[in-house]
file work.cif (mmCIF, C-alpha atoms)
data_model
#
loop_
_atom_site.label_atom_id
_atom_site.label_comp_id
_atom_site.auth_asym_id
_atom_site.auth_seq_id
_atom_site.Cartn_x
_atom_site.Cartn_y
_atom_site.Cartn_z
CA MET A 1 -28.21 20.50 23.23
CA THR A 2 -27.24 22.39 26.39
CA PRO A 3 -28.63 25.86 27.17
CA THR A 4 -25.09 27.30 27.07
CA THR A 5 -24.46 26.32 23.44
CA PRO A 6 -23.32 29.49 21.62
CA PRO A 7 -24.92 30.77 18.41
CA ARG A 8 -24.21 28.40 15.57
CA PRO A 9 -25.34 27.47 12.06
CA PRO A 10 -28.61 25.52 12.22
CA TYR A 11 -29.14 22.00 10.98
CA GLU A 12 -30.98 21.88 7.68
CA PRO A 13 -34.59 20.72 8.23
CA ALA A 14 -34.25 17.09 7.10
CA THR A 15 -31.14 16.56 9.23
CA ALA A 16 -32.73 18.28 12.24
CA LEU A 17 -35.77 16.00 12.06
CA VAL A 18 -33.72 12.79 11.96
CA LEU A 19 -31.53 13.95 14.86
CA GLN A 20 -34.62 14.86 16.90
CA ARG A 21 -36.10 11.41 16.33
CA LEU A 22 -32.80 9.72 17.21
CA GLU A 23 -32.50 11.69 20.44
CA ALA A 24 -36.09 10.95 21.41
CA ALA A 25 -35.56 7.23 20.75
CA GLY A 26 -32.32 7.11 22.73
CA GLY A 27 -30.43 6.23 19.57
CA LEU A 28 -27.33 8.29 20.38
CA PRO A 29 -25.94 6.92 23.66
CA PRO A 30 -22.73 8.48 24.98
CA LEU A 31 -19.33 7.24 23.90
CA ASN A 32 -17.18 6.25 26.87
CA SER A 33 -15.40 3.29 28.45
CA ALA A 34 -18.70 1.78 29.60
CA THR A 35 -20.43 1.94 26.21
CA LEU A 36 -17.45 1.13 23.97
CA PRO A 37 -17.67 -2.69 24.19
CA ALA A 38 -21.27 -2.70 22.96
CA ARG A 39 -20.37 -0.38 20.08
CA ARG A 40 -17.68 -2.78 18.84
CA LEU A 41 -19.69 -5.21 16.77
CA PRO A 42 -18.05 -8.56 15.93
CA VAL A 43 -16.03 -8.53 12.72
CA ALA A 44 -17.82 -11.64 11.46
CA GLN A 45 -21.17 -9.89 11.92
CA ARG A 46 -20.03 -6.84 9.95
CA ARG A 47 -18.58 -9.08 7.22
CA ALA A 48 -21.89 -10.92 6.87
CA ALA A 49 -23.81 -7.66 6.74
CA PHE A 50 -21.54 -6.33 4.00
CA LEU A 51 -21.93 -9.48 1.90
CA THR A 52 -25.70 -9.44 2.37
CA ALA A 53 -25.83 -5.89 1.05
CA HIS A 54 -23.29 -6.60 -1.72
CA PRO A 55 -23.71 -10.23 -2.80
CA GLU A 56 -22.12 -9.50 -6.16
CA VAL A 57 -18.59 -8.95 -4.82
CA ARG A 58 -15.96 -11.56 -4.03
CA LEU A 59 -13.68 -11.33 -1.00
CA ARG A 60 -10.15 -12.61 -0.51
CA GLU A 61 -8.58 -12.63 2.92
CA GLU A 62 -4.90 -11.80 3.30
CA THR A 63 -2.57 -11.43 6.27
CA LEU A 64 0.17 -8.88 6.77
CA THR A 65 2.87 -9.62 9.33
CA ARG A 66 3.92 -6.58 11.32
CA GLU A 67 7.51 -5.91 12.36
CA ASP A 68 6.76 -7.25 15.84
CA GLY A 69 5.54 -10.54 14.37
CA THR A 70 1.83 -10.00 14.98
CA ALA A 71 -0.65 -10.43 12.15
CA MET A 72 -2.97 -7.84 10.61
CA PRO A 73 -5.86 -9.16 8.49
CA LEU A 74 -6.64 -7.44 5.20
CA THR A 75 -9.65 -7.99 2.98
CA VAL A 76 -9.45 -7.62 -0.80
CA VAL A 77 -12.74 -6.82 -2.56
CA LEU A 78 -12.79 -8.14 -6.12
CA PRO A 79 -15.24 -7.86 -9.04
CA PRO A 80 -17.79 -10.68 -9.34
CA ASP A 81 -15.77 -12.52 -11.99
CA ASP A 82 -12.39 -11.83 -10.35
CA GLU A 83 -11.32 -10.17 -13.61
CA VAL A 84 -9.60 -6.83 -13.21
CA GLN A 85 -8.83 -4.77 -16.27
CA PRO A 86 -5.15 -3.91 -16.90
CA GLY A 87 -4.22 -0.64 -15.23
CA ALA A 88 -7.15 -0.88 -12.80
CA PRO A 89 -6.98 1.30 -9.68
CA LEU A 90 -6.65 0.02 -6.12
CA LEU A 91 -8.63 1.76 -3.38
CA LEU A 92 -7.14 1.47 0.11
CA SER A 93 -10.14 1.75 2.46
CA ILE A 94 -9.44 2.94 6.02
CA HIS A 95 -12.60 2.60 8.12
CA GLY A 96 -13.97 5.21 10.48
CA GLY A 97 -14.96 4.93 14.12
CA GLY A 98 -12.88 7.55 15.86
CA ARG A 99 -9.90 5.17 15.97
CA VAL A 100 -11.59 3.42 18.92
CA MET A 101 -14.21 1.26 17.19
CA GLY A 102 -15.20 -0.21 13.83
CA CYS A 103 -13.60 -2.82 11.61
CA ARG A 104 -12.43 -3.27 8.03
CA PHE A 105 -15.93 -4.11 6.78
CA ASP A 106 -17.32 -0.80 8.02
CA ASP A 107 -17.47 2.04 5.48
CA LEU A 108 -16.62 -0.48 2.75
CA ALA A 109 -19.78 -0.06 0.67
CA ALA A 110 -18.78 3.26 -0.91
CA PRO A 111 -15.25 2.23 -2.01
CA ALA A 112 -16.64 -1.10 -3.27
CA ASN A 113 -19.06 0.83 -5.47
CA TRP A 114 -16.32 3.17 -6.67
CA ALA A 115 -14.06 0.24 -7.49
CA ARG A 116 -16.85 -1.27 -9.58
CA CYS A 117 -17.29 2.04 -11.42
CA PHE A 118 -13.61 2.19 -12.35
CA GLY A 119 -12.94 -1.52 -12.75
CA GLY A 120 -10.65 -1.74 -9.74
CA ILE A 121 -10.27 -3.48 -6.38
CA VAL A 122 -10.37 -2.50 -2.72
CA VAL A 123 -7.96 -3.40 0.09
CA ALA A 124 -9.23 -2.88 3.65
CA PRO A 125 -6.86 -3.33 6.62
CA GLU A 126 -7.86 -4.29 10.18
CA TYR A 127 -5.77 -1.63 11.91
CA ARG A 128 -5.35 -1.64 15.68
CA LEU A 129 -7.68 0.44 17.85
CA ALA A 130 -7.24 2.56 20.96
CA PRO A 131 -7.30 2.42 23.92
CA GLU A 132 -5.72 -1.04 23.74
CA HIS A 133 -3.32 0.24 21.08
CA PRO A 134 -2.75 4.00 21.37
CA ALA A 135 -0.96 6.05 18.72
CA PRO A 136 1.14 5.46 16.74
CA ALA A 137 -0.16 1.86 16.33
CA ALA A 138 -2.99 2.60 13.88
CA GLY A 139 -0.82 4.92 11.80
CA GLU A 140 1.92 2.30 11.54
CA ASP A 141 -0.65 -0.27 10.45
CA CYS A 142 -1.96 2.02 7.72
CA LEU A 143 1.53 2.67 6.36
CA ALA A 144 2.18 -1.09 6.36
CA ALA A 145 -1.12 -1.63 4.53
CA LEU A 146 -0.24 0.94 1.86
CA THR A 147 3.16 -0.70 1.39
CA TRP A 148 1.50 -4.12 1.12
CA ALA A 149 -1.05 -2.81 -1.38
CA ALA A 150 1.67 -1.35 -3.61
CA ALA A 151 3.67 -4.59 -3.45
CA HIS A 152 0.69 -6.88 -4.17
CA ALA A 153 -1.52 -4.79 -6.44
CA ALA A 154 -0.23 -6.52 -9.55
CA ASP A 155 -1.06 -9.93 -8.01
CA TYR A 156 -4.71 -8.94 -8.37
CA GLY A 157 -4.33 -7.20 -11.72
CA ALA A 158 -4.31 -3.66 -10.33
CA ASP A 159 -1.77 -0.92 -11.00
CA PRO A 160 0.46 -0.05 -8.01
CA GLU A 161 0.85 3.46 -9.47
CA ARG A 162 -2.92 4.03 -9.26
CA ILE A 163 -3.64 3.64 -5.54
CA VAL A 164 -6.25 5.96 -4.05
CA VAL A 165 -6.56 6.09 -0.25
CA VAL A 166 -10.11 6.65 1.01
CA GLY A 167 -11.49 7.01 4.51
CA PRO A 168 -14.19 8.76 6.56
CA SER A 169 -13.99 10.32 10.02
CA GLY A 170 -11.29 8.59 12.09
CA GLY A 171 -10.23 6.70 8.96
CA GLY A 172 -9.94 9.97 7.06
CA GLY A 173 -7.71 11.37 9.79
CA LEU A 174 -5.51 8.27 9.65
CA ALA A 175 -5.35 8.61 5.86
CA ALA A 176 -4.09 12.19 6.26
CA CYS A 177 -1.42 10.95 8.69
CA LEU A 178 -0.56 8.26 6.16
CA ALA A 179 -0.06 10.80 3.39
CA LEU A 180 2.52 12.61 5.51
CA ALA A 181 4.24 9.44 6.74
CA ALA A 182 4.48 7.96 3.23
CA ARG A 183 5.98 11.20 1.93
CA ASP A 184 8.55 11.52 4.70
CA ARG A 185 9.46 7.86 5.20
CA GLY A 186 9.82 6.77 1.60
CA GLY A 187 6.51 4.91 1.46
CA PRO A 188 4.51 4.37 -1.73
CA ARG A 189 3.05 7.53 -3.22
CA ALA A 190 -0.69 7.24 -3.66
CA LEU A 191 -2.40 8.86 -6.62
CA GLY A 192 -4.76 10.75 -4.31
CA TYR A 193 -6.52 10.85 -0.94
CA LEU A 194 -10.31 11.05 -0.53
CA LEU A 195 -11.04 12.13 3.05
CA ASP A 196 -14.64 12.51 4.22
CA TYR A 197 -15.17 14.62 7.37
CA PRO A 198 -11.75 13.53 8.72
CA MET A 199 -10.69 13.54 12.38
CA LEU A 200 -7.50 15.56 12.09
CA ASP A 201 -6.54 17.53 15.19
CA ASP A 202 -6.26 16.30 18.79
CA ARG A 203 -6.47 19.90 20.01
CA THR A 204 -10.05 20.35 18.83
CA GLY A 205 -12.16 20.76 21.97
CA LEU A 206 -9.30 21.87 24.23
CA PRO A 207 -9.13 25.36 25.79
CA GLY A 208 -7.08 27.95 23.92
CA PRO A 209 -4.75 30.51 25.56
CA ASP A 210 -7.75 32.54 26.72
CA GLY A 211 -9.43 29.51 28.28
CA THR A 212 -12.10 29.27 25.59
CA VAL A 213 -12.66 25.92 23.91
CA GLN A 214 -11.23 25.94 20.40
CA PRO A 215 -12.10 26.03 17.58
CA PRO A 216 -15.60 27.57 17.42
CA SER A 217 -17.12 24.42 15.88
CA ALA A 218 -16.20 22.45 19.03
CA ARG A 219 -18.02 25.02 21.18
CA GLN A 220 -21.04 24.99 18.89
CA PHE A 221 -21.61 21.22 18.86
CA PRO A 222 -20.60 19.95 22.31
CA ASP A 223 -23.16 17.18 22.76
CA ASP A 224 -25.36 16.78 19.69
CA GLY A 225 -24.98 15.53 16.13
CA LEU A 226 -23.44 12.22 15.10
CA TRP A 227 -19.98 13.02 16.54
CA PRO A 228 -20.26 15.69 19.24
CA ALA A 229 -17.23 17.33 20.79
CA GLN A 230 -17.67 15.28 23.98
CA TRP A 231 -17.19 12.04 22.05
CA ASN A 232 -14.26 13.52 20.19
CA ASP A 233 -12.60 14.55 23.46
CA TRP A 234 -12.94 11.05 24.88
CA ALA A 235 -11.66 9.36 21.72
CA TRP A 236 -8.53 11.52 21.53
CA GLU A 237 -7.77 10.80 25.18
CA GLN A 238 -7.72 7.10 24.29
CA ILE A 239 -5.59 7.64 21.19
CA LEU A 240 -3.05 9.88 22.96
CA PRO A 241 -3.31 9.00 26.67
CA GLY A 242 -1.56 11.62 28.75
CA ARG A 243 -0.23 13.32 25.60
CA ARG A 244 -3.26 14.91 23.97
CA GLY A 245 -2.65 18.57 23.23
CA GLY A 246 1.03 18.32 24.14
CA SER A 247 3.91 19.60 22.08
CA GLU A 248 5.31 16.11 21.50
CA VAL A 249 2.31 14.94 19.41
CA SER A 250 3.45 14.63 15.79
CA GLU A 251 1.62 15.13 12.51
CA TYR A 252 1.93 11.36 11.95
CA GLU A 253 -0.37 10.89 14.94
CA ALA A 254 -2.66 13.91 14.38
CA ALA A 255 -2.33 15.30 10.87
CA GLY A 256 -3.83 18.64 11.88
CA ARG A 257 -0.57 19.49 13.63
CA ALA A 258 0.96 20.09 10.18
CA VAL A 259 -1.24 23.16 9.78
CA ASP A 260 1.01 25.08 12.19
CA GLN A 261 4.20 24.88 10.13
CA LEU A 262 4.71 26.57 6.78
CA GLY A 263 5.52 23.98 4.13
CA ALA A 264 4.56 20.98 6.28
CA LEU A 265 1.85 19.93 3.83
CA ALA A 266 3.88 20.45 0.66
CA GLY A 267 4.43 17.68 -1.85
CA LEU A 268 1.31 15.64 -1.12
CA PRO A 269 -0.86 13.99 -3.79
CA PRO A 270 -4.24 15.60 -4.60
CA VAL A 271 -6.66 15.62 -1.67
CA PHE A 272 -10.48 15.62 -1.57
CA LEU A 273 -12.03 16.92 1.66
CA SER A 274 -15.66 16.98 2.73
CA VAL A 275 -17.11 18.20 6.01
CA ALA A 276 -20.46 19.31 7.40
CA GLY A 277 -21.15 22.92 8.21
CA ALA A 278 -22.80 21.91 11.49
CA GLU A 279 -20.30 19.52 13.06
CA THR A 280 -17.33 19.47 15.41
CA PHE A 281 -14.75 18.83 12.66
CA ARG A 282 -15.77 21.77 10.45
CA ASP A 283 -13.07 24.23 11.47
CA GLU A 284 -10.15 21.79 11.60
CA VAL A 285 -10.99 20.46 8.12
CA VAL A 286 -11.29 23.96 6.65
CA ALA A 287 -7.97 24.90 8.28
CA PHE A 288 -6.34 21.79 6.82
CA ALA A 289 -7.58 22.65 3.33
CA ALA A 290 -6.29 26.21 3.68
CA ALA A 291 -2.88 24.93 4.78
CA LEU A 292 -2.74 22.54 1.82
CA TRP A 293 -3.37 25.46 -0.54
CA ARG A 294 -0.86 27.59 1.40
CA ASP A 295 1.78 24.94 0.79
CA GLY A 296 1.02 24.66 -2.92
CA GLY A 297 -1.17 21.58 -2.68
CA ASP A 298 -4.03 20.34 -4.85
CA CYS A 299 -7.09 20.23 -2.61
CA GLU A 300 -10.82 20.15 -3.29
CA LEU A 301 -12.98 21.13 -0.31
CA HIS A 302 -16.74 20.71 0.12
CA VAL A 303 -18.56 22.14 3.15
CA TRP A 304 -22.19 21.01 3.29
CA PRO A 305 -24.47 23.58 4.98
CA GLY A 306 -26.73 22.40 7.76
CA ALA A 307 -25.34 18.86 7.71
CA THR A 308 -24.06 16.84 10.64
CA HIS A 309 -21.13 14.43 10.79
CA ALA A 310 -21.44 11.38 8.49
CA MET A 311 -24.10 13.32 6.64
CA GLU A 312 -24.96 10.65 4.09
CA TYR A 313 -26.32 8.40 6.86
CA VAL A 314 -28.68 11.14 8.06
CA SER A 315 -29.80 12.76 4.80
CA ALA A 316 -31.09 10.44 2.08
CA THR A 317 -31.84 13.38 -0.22
CA TRP A 318 -29.76 16.25 -1.59
CA LEU A 319 -26.91 15.96 0.91
CA ARG A 320 -26.23 12.30 0.15
CA ASP A 321 -26.66 12.85 -3.58
CA GLY A 322 -24.45 15.94 -3.60
CA LEU A 323 -21.66 14.32 -1.61
CA GLU A 324 -21.62 11.21 -3.81
CA ALA A 325 -21.67 13.30 -7.00
CA ALA A 326 -18.71 15.34 -5.72
CA ARG A 327 -16.75 12.21 -4.81
CA LEU A 328 -17.36 10.56 -8.17
CA SER A 329 -16.48 13.74 -10.03
CA TRP A 330 -13.16 13.99 -8.20
CA LEU A 331 -12.38 10.30 -8.65
CA THR A 332 -13.20 10.49 -12.35
CA ARG A 333 -10.90 13.44 -12.90
CA LEU A 334 -8.17 11.67 -10.93
CA LEU A 335 -8.50 8.23 -12.54
CA GLU A 336 -9.79 9.14 -16.00
CA PRO A 337 -8.41 12.64 -16.70
CA GLU A 338 -9.72 14.36 -19.79
CA ASP A 339 -7.30 15.62 -22.42
CA PRO A 340 -7.03 19.37 -21.63
CA ARG A 341 -7.01 20.08 -25.35
CA LEU A 342 -10.69 19.10 -25.51
CA ASN A 343 -11.56 21.95 -23.19
CA LEU A 344 -9.36 24.33 -25.17
CA SER A 345 -11.21 23.31 -28.31
CA ARG A 346 -14.59 23.97 -26.68
CA VAL A 347 -13.53 27.37 -25.36
CA MET A 348 -12.13 28.33 -28.74
CA GLY A 349 -15.33 27.16 -30.43
CA GLU A 350 -17.47 29.25 -28.06
CA GLY A 351 -15.49 32.37 -28.93
CA THR A 352 -15.27 33.44 -25.28
CA PHE A 353 -11.71 34.70 -25.73
CA PRO A 354 -11.25 36.02 -29.29
CA THR A 355 -7.48 36.14 -28.89
CA ILE A 356 -7.27 32.33 -28.83
CA THR A 357 -9.82 31.57 -31.52
CA VAL A 358 -7.30 32.47 -34.20
CA ALA A 359 -4.47 30.03 -34.86
CA ALA A 360 -1.05 31.08 -33.61
CA PRO A 361 1.70 31.49 -36.23
CA GLY A 362 2.76 28.07 -37.43
CA GLY A 363 -0.25 26.36 -35.85
CA GLY A 364 -3.32 24.75 -37.36
CA ALA A 365 -6.54 26.42 -38.38
CA GLY A 366 -8.62 28.19 -35.74
CA GLY A 367 -10.66 25.79 -33.60
CA GLU A 368 -8.59 22.75 -34.62
CA LEU A 369 -6.02 21.05 -32.45
CA ASN A 370 -2.89 19.16 -33.27
CA ASP A 371 -0.35 17.44 -31.06
CA GLU A 372 1.70 20.62 -30.60
CA GLN A 373 -1.16 22.71 -29.20
#

call {"tool": "encode", "arguments": {"input": "work.cif", "output": "structure tokens"}}
result
Amino acid sequence: MTPTTPPRPPYEPATALVLQRLEAAGGLPPLNSATLPARRLPVAQRRAAFLTAHPEVRLREETLTREDGTAMPLTVVLPPDDEVQPGAPLLLSIHGGGRVMGCRFDDLAAPANWARCFGGIVVAPEYRLAPEHPAPAAGEDCLAALTWAAAHAADYGADPERIVVVGPSGGGGLAACLALAARDRGGPRALGYLLDYPMLDDRTGLPGPDGTVQPPSARQFPDDGLWPAQWNDWAWEQILPGRRGGSEVSEYEAAGRAVDQLGALAGLPPVFLSVAGAETFRDEVVAFAAALWRDGGDCELHVWPGATHAMEYVSATWLRDGLEAARLSWLTRLLEPEDPRLNLSRVMGEGTFPTITVAAPGGGAGGELNDEQ
């Protein structure tokens, strides 16, 4: 942390201790052109690591042919017996890595666990990375993957109407771009989007009209935490070379741009958003949630105090447990919605609102429900 860092919310004690140990051990090297090759671990190595940690799953490899004739690998994660229940959901997993690193086997453990909970499958695309493939390459790959998933879900026993797009960090930002592109370009409509600490706005970390770096969270965390503003600046320069911060950047390349225009986030499926209170992305994620609500959207936002980016990898206690509980709660309500009449029955039985504990004219007895209620 530099001496010029402005006042900011502190890390909670467990997070602070882990970050201190990482810094002392040299475990957080800078992200730049020199260090990027070493950060890109071989796909085969990441695949083997995933299978070692999750030997119960079965993988199927598929290939999607892009419009230019090049191939994009996709991995399908299946239950151990390959049997998927009718109507099972499909989770489209978009890995993180700031859109400059990572592969389809990264960040796959959580969606694989969720798929097992709900009897579904996971599809993970190997989208193209910057700087070799700047925007809009990754966004186009994600839209192609969603289209493929909808077309082939039934081949694996899943329901194409029950696709949930999930992604952390850079993958969460791409998922937000995907939601907008699918809406505007006639792509498949997902049932919902689960976005953990997403990378949304290329303008985060750039000077505002007064010359001050915006937003405040980028000033507060310039060079510490698991995704400091310095790394974020470098990654966006690779994604949008020569265009970052310019007026020609679209919301399909940086979804945070949609915050500026009234109605730009209307008509999207339900969205889950998580972010740390002590990280660079805090303010852009909160602004995105506010804009979703402004435009009539269904959005659930969780801001975890004292946490850093990718909080569940730093805190093995209440932060990890709380985030996972929130995710599962949202997924359960999305995929297994409860009959609202059950809640009405409970409220009526508790007598909280006396005016609805008595049956309406022509209805059933108080506290009982029929199909008309």

call {"tool": "closest_residue", "arguments": {"input": "work.cif", "among": "A:Ala149, A:Leu342, A:Ala110, A:Ala24", "to": "A:Arg320", "atoms": "only C-alpha atoms"}}
result
A:Ala110

call {"tool": "resolve_selection", "arguments": {"input": "work.cif", "expression": "the PyMOL selection byres ((chain A and resi 248-260) around 10)", "output": "MDAnalysis selection string"}}
result
chainID A and resid 134:140 173:182 184 198:204 236 239:240 243:247 261:266 284:285 287:292 294:295

call {"tool": "atom_distance", "arguments": {"input": "work.cif", "atom1": "atom CA of A:Arg46", "atom2": "atom CA of A:Arg104"}}
result
8.6 Å

call {"tool": "resolve_selection", "arguments": {"input": "work.cif", "expression": "the PyMOL selection byres ((chain A and resi 330-332) around 10)", "output": "count of residues only"}}
result
23

call {"tool": "atom_distance", "arguments": {"input": "work.cif", "atom1": "atom CA of A:Asp155", "atom2": "atom CA of A:Gly186"}}
result
22.1 Å

call {"tool": "axis_aligned_box", "arguments": {"input": "work.cif", "around": "stretch 150-158 of chain A", "padding_each_side": "3 Å", "output": "lines of an AutoDock Vina configuration file"}}
result
center_x = -0.5
center_y = -5.6
center_z = -7.6
size_x = 14.4
size_y = 14.6
size_z = 14.3

call {"tool": "closest_atom_pairs", "arguments": {"input": "work.cif", "of": "stretch 61-153 of chain A", "to": "stretch 215-227 of chain A", "cutoff": "12 Å", "atoms": "only C-alpha atoms", "output": "tab-separated table"}}
result
residue	atom	partner	partner_atom	distance
A:Gly96	CA	A:Trp227	CA	11.6
A:Gly97	CA	A:Trp227	CA	9.8
A:Gly98	CA	A:Trp227	CA	9.0
